[in-house]
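Structure record follows, encoded as structure tokens.
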Amino acid sequence: MYLTKEEEKILSGEKGEMLARFMKLLVKIGERFKAEKLIPITSVQIAGISYKNIGDPGLEFLEEIAKENVKTKVVSFMNPAGMDFELWEELGISKEFAEKQFRIIKALKKLGVIASATCTPYLAGMLPRFKEHIAWSESSAVIFANSVLGARTNREGAFTALASALIGKTPYYGLHLEENRKANFKVKVECKISNEAEFSALAYFVCKYFKKGIPLFSGINASVDELKLLGASLASYGAFALYHVENITPEAYMQDEIEDKINVCENDLKYAKKEMENEIQPEIIALGCPHASIKEIKQILSLIKNKKLKIPVWIFTSRIVKKLVEESLENEILEKNNIKILADTCPVVMPLKEIGIKSVATNSGKMRFYLLNQGIKVYFDNINKIFEKFSER
Ligand code: F3S
């Protein structure tokens, strides 16, 4: 792989041992994927920052890096952490967990990473443009950036994203190359997709046939929030990092003729929904996976307005979005329905079982996938149905 003189210097340790370690990682990845060079990036999003996921070894490693004189070279955001930075005690998170989570955040902040703690950085001020090269790692953020915004990123791991943040570059391979962004199968949707849960069900159905590749959807209309949910599920039930939607996403019109094709009819969608359903009695309703937008929070609250729910509602979002909606919130509605708007975290990366939650209702296919894998029972449906089912009559 070609390296500039400056990159050679970093690799040889002239700029310090720590930077050399991260440069070695990028070069190794680049060589493995036959990248011709490193390219500059404009932003980084770093996943794997919850104490629940990385534990003491991850915490100690980050503190070791933070002791060195290294800083991020580009705007770098962090993914959700293991708790809400303000409401952790109220949620029943232990002091020991909180203390260690705060040490992780402190180490990352010392490196220059912004404590955004969100998987929707594009709703919180980090918005790349079409064809901009970035290095993001949370799978729903990656697929949104590639597909909806037309930015270019591979699905980075926690360490490669951190390496890119500290070096300011990424190896030029995979989805950074134009030729690798072509769709290789078509999904012709022949029925109406009527709500957010059906977008997750569509992704679930597609992933029964294809686990990877780049789909080109036709026959759907979707809002930004629905595209966010569709991508999150494609990236969970399959290993997708890019999709196109005819007449909606920016690169859809640039696709070649494609032979491989699946058609999705109403019965297929019903079948997928049926497989995803599970009749359980949830302890909480968890919404906002990926982190909710202002519009979604407003919609949720207006749907709840005239209802009295039997179980608490937790809405997950970024701190910045929470701050923006907070001022216009009617506390009465929140209190009447036991609604909490939580920031900095999500049910998948917080120690849900440890705080006593073993069953959840959600409208997100992605949340369903990961919670089931953690042994949490999940009731899955669209928001309307969830509110109808779990409100007092
Ligand atoms: Fe985001 Fe957590 Fe869902 S990181 S995409 S809210 S699983």
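The way I read the labels, and the way they are meant: chains A, B, ... in the order of the structure tokens, residue 1 as the first residue of every chain, and ligand 1 as the first ligand shown, with later ones counted on from there.
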Using only C-alpha atoms, find each residue of segment 105-208 of chain A with at least one atom at most 9 Å away from an atom of segment 9-20 of chain A; report its shortest atom-to-atom pair and that distance in Å (one decimal), sort the rows by chain and rising residue number, and return the result as a tab-separated table.
residue	atom	partner	partner_atom	distance
A:Ala163	CA	A:Leu19	CA	8.2
A:Leu166	CA	A:Leu19	CA	7.4
A:Ile167	CA	A:Leu19	CA	7.4
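Of all the residues in segment 96-247 of chain A, the ones DSSP labels as strand (DSSP E) from the backbone are Ala135, Trp136, Lys169, Thr170, Pro171, Phe185, Lys186, Val187, Lys188, Val189, Pro215, Leu216, Phe217, Ser218, His244 and Val245 of chain A.
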Export C-alpha atoms of the chosen residues as a CSV table (one decimal), in the first residue's frame?
chain,number,residue,atom,x,y,z
A,135,ALA,CA,-15.2,6.3,9.0
A,136,TRP,CA,-18.2,5.4,11.1
A,169,LYS,CA,-7.5,8.8,7.4
A,170,THR,CA,-8.9,5.4,6.4
A,171,PRO,CA,-7.8,2.8,3.9
A,185,PHE,CA,-30.1,-7.6,-6.3
A,186,LYS,CA,-33.4,-5.9,-6.7
A,187,VAL,CA,-36.3,-6.0,-4.2
A,188,LYS,CA,-39.6,-5.2,-5.9
A,189,VAL,CA,-42.2,-4.3,-3.3
A,215,PRO,CA,-30.3,-4.2,-2.6
A,216,LEU,CA,-32.1,-1.8,-4.9
A,217,PHE,CA,-35.7,-1.4,-3.6
A,218,SER,CA,-38.5,-0.3,-5.8
A,244,HIS,CA,-30.7,2.0,-2.7
A,245,VAL,CA,-34.4,3.0,-3.1
Would you list the residues that come within 6 Å of ligand 1? Count only C-alpha atoms and all ligand atoms and give the answer as a PDB file with N, CA and C atoms, in the first residue's frame.
ATOM      1  N   PRO A  80     -23.897   5.392  21.624  1.00  0.00           N
ATOM      2  CA  PRO A  80     -24.506   5.331  22.952  1.00  0.00           C
ATOM      3  C   PRO A  80     -23.657   4.565  23.973  1.00  0.00           C
ATOM      4  N   CYS A 119     -26.350   7.083  18.189  1.00  0.00           N
ATOM      5  CA  CYS A 119     -26.191   6.306  16.952  1.00  0.00           C
ATOM      6  C   CYS A 119     -26.814   7.050  15.777  1.00  0.00           C
ATOM      7  N   SER A 140     -26.204   0.946  12.136  1.00  0.00           N
ATOM      8  CA  SER A 140     -27.359   1.679  11.602  1.00  0.00           C
ATOM      9  C   SER A 140     -26.936   3.065  11.099  1.00  0.00           C
ATOM     10  N   CYS A 289     -34.990   3.385  18.496  1.00  0.00           N
ATOM     11  CA  CYS A 289     -33.854   2.571  18.039  1.00  0.00           C
ATOM     12  C   CYS A 289     -33.963   2.477  16.529  1.00  0.00           C
ATOM     13  N   PRO A 290     -33.090   3.145  15.769  1.00  0.00           N
ATOM     14  CA  PRO A 290     -32.053   4.092  16.167  1.00  0.00           C
ATOM     15  C   PRO A 290     -32.638   5.307  16.919  1.00  0.00           C
ATOM     16  N   HIS A 291     -31.760   6.026  17.613  1.00  0.00           N
ATOM     17  CA  HIS A 291     -32.173   7.166  18.438  1.00  0.00           C
ATOM     18  C   HIS A 291     -33.227   8.033  17.728  1.00  0.00           C
ATOM     19  N   CYS A 346     -29.022   3.237  25.160  1.00  0.00           N
ATOM     20  CA  CYS A 346     -30.145   2.515  24.553  1.00  0.00           C
ATOM     21  C   CYS A 346     -30.269   1.156  25.238  1.00  0.00           C
ATOM     22  N   VAL A 348     -30.059  -1.793  24.309  1.00  0.00           N
ATOM     23  CA  VAL A 348     -29.136  -2.850  23.890  1.00  0.00           C
ATOM     24  C   VAL A 348     -27.766  -2.716  24.563  1.00  0.00           C
ATOM     25  N   MET A 367     -33.806  -3.419  17.564  1.00  0.00           N
ATOM     26  CA  MET A 367     -33.827  -3.633  19.014  1.00  0.00           C
ATOM     27  C   MET A 367     -34.306  -5.045  19.322  1.00  0.00           C
TER      28      MET A 367
END
Item to complete: Tell me which of A:Ala292, A:Leu301, A:Leu202, A:Ile320 sits closest to Glu266 of chain A, counting only C-alpha atoms.
Response: A:Leu202
Practice prompt. List every residue of segment 51-187 of chain A that DSSP, applied to the backbone of this structure, assigns to helix (DSSP H, G or I), and report them as a ChimeraX atom specification.
Written response: /A:51-67,95-110,121-123,139-149,158-167,174-176,178-181
Discussion item. Show me, as number ranges by chain, the residues that have an atom within 12 Å of Glu90 of chain A when counting only C-alpha atoms, minus same-chain residues fewer than 5 positions from it.
Written reply: A: 83-85, 95, 98, 340, 342, 355
Worksheet item: When distances are computed from only C-alpha atoms, which of A:Val142, A:Lys131, A:Tyr379, A:Ala161 shows the smallest separation from Ser76 of chain A?
Response: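 Of A:Val142, A:Lys131, A:Tyr379, A:Ala161, the one nearest Ser76 of chain A is A:Ala161, counting only C-alpha atoms.
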Discussion item. What's around Gly231 of chain A at 9 Å? Count only C-alpha atoms, leave out sequence neighbours fewer than 6 positions away in its own chain, and write the answer as a list of chain:residue names.
Written reply: A:Ser139, A:Ser140, A:Ala141, A:Val142, A:Ile143, A:Phe144, A:Ser147, A:Phe199, A:Ser200, A:Ala203, A:Phe240, A:Ala241, A:Leu242, A:Tyr243
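For the pair atom CA of Ile49 of chain A and atom CA of Leu111 of chain A, the separation is 13.4 Å.
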Fill in: Exercise: Pro312 of chain A partners within 12 Å, only C-alpha atoms, chain neighbours under 2 positions left out, as a PyMOL selection string
chain A and resi 282-287+304+308-310+314-315+334-341+357+360-361+387+390-391
Worksheet item: Nearest to Leu230 of chain A: which of A:Glu251, A:Glu259, A:Glu275, A:Glu198 is it, counting only C-alpha atoms?
Response: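 When distances to Leu230 of chain A are compared using only C-alpha atoms, the smallest one comes from A:Glu198.
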Item to complete: Measuring atom to atom with only C-alpha atoms, identify which of A:Leu59, A:Ala235, A:Val313, A:Met1 is nearest to Arg155 of chain A.
Response: A:Ala235
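Close contacts of Ile114 of chain A, defined as residues with an atom at most 9 Å away when counting only C-alpha atoms, with chain neighbours fewer than 5 positions off set aside, comprise Val75, Ser76, Phe77, Met78, Leu108 and Lys109 of chain A.
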With all heavy atoms retained, could you export that selection as a compact mmCIF listing (two decimals), in the first residue's frame?
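Saved result, out06.txt, follows:
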# COMPACT_ATOMS: atom_id res chain seq x y z
N VAL A 75 -13.52 15.60 13.38
CA VAL A 75 -14.66 15.58 14.31
C VAL A 75 -15.02 14.13 14.61
O VAL A 75 -15.26 13.34 13.68
CB VAL A 75 -15.90 16.27 13.69
CG1 VAL A 75 -17.05 16.28 14.68
CG2 VAL A 75 -15.55 17.66 13.25
N SER A 76 -15.06 13.77 15.87
CA SER A 76 -15.32 12.37 16.24
C SER A 76 -16.42 12.31 17.28
O SER A 76 -16.36 12.98 18.31
CB SER A 76 -14.05 11.73 16.79
OG SER A 76 -13.02 11.83 15.85
N PHE A 77 -17.43 11.51 16.98
CA PHE A 77 -18.58 11.34 17.88
C PHE A 77 -18.51 9.95 18.50
O PHE A 77 -17.92 9.03 17.93
CB PHE A 77 -19.89 11.44 17.08
CG PHE A 77 -20.45 12.84 17.00
CD1 PHE A 77 -19.64 13.95 17.08
CD2 PHE A 77 -21.82 13.03 16.82
CE1 PHE A 77 -20.18 15.24 16.98
CE2 PHE A 77 -22.37 14.31 16.72
CZ PHE A 77 -21.55 15.41 16.80
N MET A 78 -19.17 9.79 19.65
CA MET A 78 -19.23 8.45 20.25
C MET A 78 -20.65 7.89 20.17
O MET A 78 -21.63 8.62 20.14
CB MET A 78 -18.69 8.43 21.67
CG MET A 78 -19.32 9.42 22.62
SD MET A 78 -18.64 9.32 24.30
CE MET A 78 -17.27 10.46 24.26
N LEU A 108 -12.20 9.08 26.51
CA LEU A 108 -12.51 9.43 25.12
C LEU A 108 -12.50 10.95 24.93
O LEU A 108 -12.00 11.46 23.92
CB LEU A 108 -13.87 8.85 24.72
CG LEU A 108 -13.90 7.34 24.46
CD1 LEU A 108 -15.32 6.80 24.47
CD2 LEU A 108 -13.22 7.00 23.14
N LYS A 109 -13.04 11.67 25.92
CA LYS A 109 -13.07 13.14 25.82
C LYS A 109 -11.64 13.69 25.80
O LYS A 109 -11.34 14.64 25.08
CB LYS A 109 -13.87 13.74 26.96
CG LYS A 109 -15.38 13.75 26.65
CD LYS A 109 -16.23 13.98 27.84
CE LYS A 109 -16.34 15.38 28.32
NZ LYS A 109 -17.32 15.52 29.42
Worksheet item: Quick one: of A:Ser236, A:Gln255, A:Asn195, A:Gln101, who's nearest to Asn373 of chain A, counting only C-alpha atoms?
Response: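 Among the listed residues, the smallest separation from Asn373 of chain A belongs to A:Ser236.
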Discussion item. Env of Leu123 of chain A: 8 Å cut, atoms = only C-alpha atoms, seq-sep filter 3 positions within chain, self excluded. Answer as number ranges by chain.
Written reply: A: 120, 126-127, 293, 321
Discussion item. So the first atom is atom CA of Asn278 of chain A and the second is atom CA of Tyr237 of chain A; what is the distance between them in Å, to one decimal place?
Written reply: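 Rounded to one decimal, the two atoms are 17.2 Å apart.
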Worksheet, complete the sentence: Correct to one decimal, the distance atom CA of Asn331 of chain A-atom CA of Leu87 of chain A is 16.4 Å
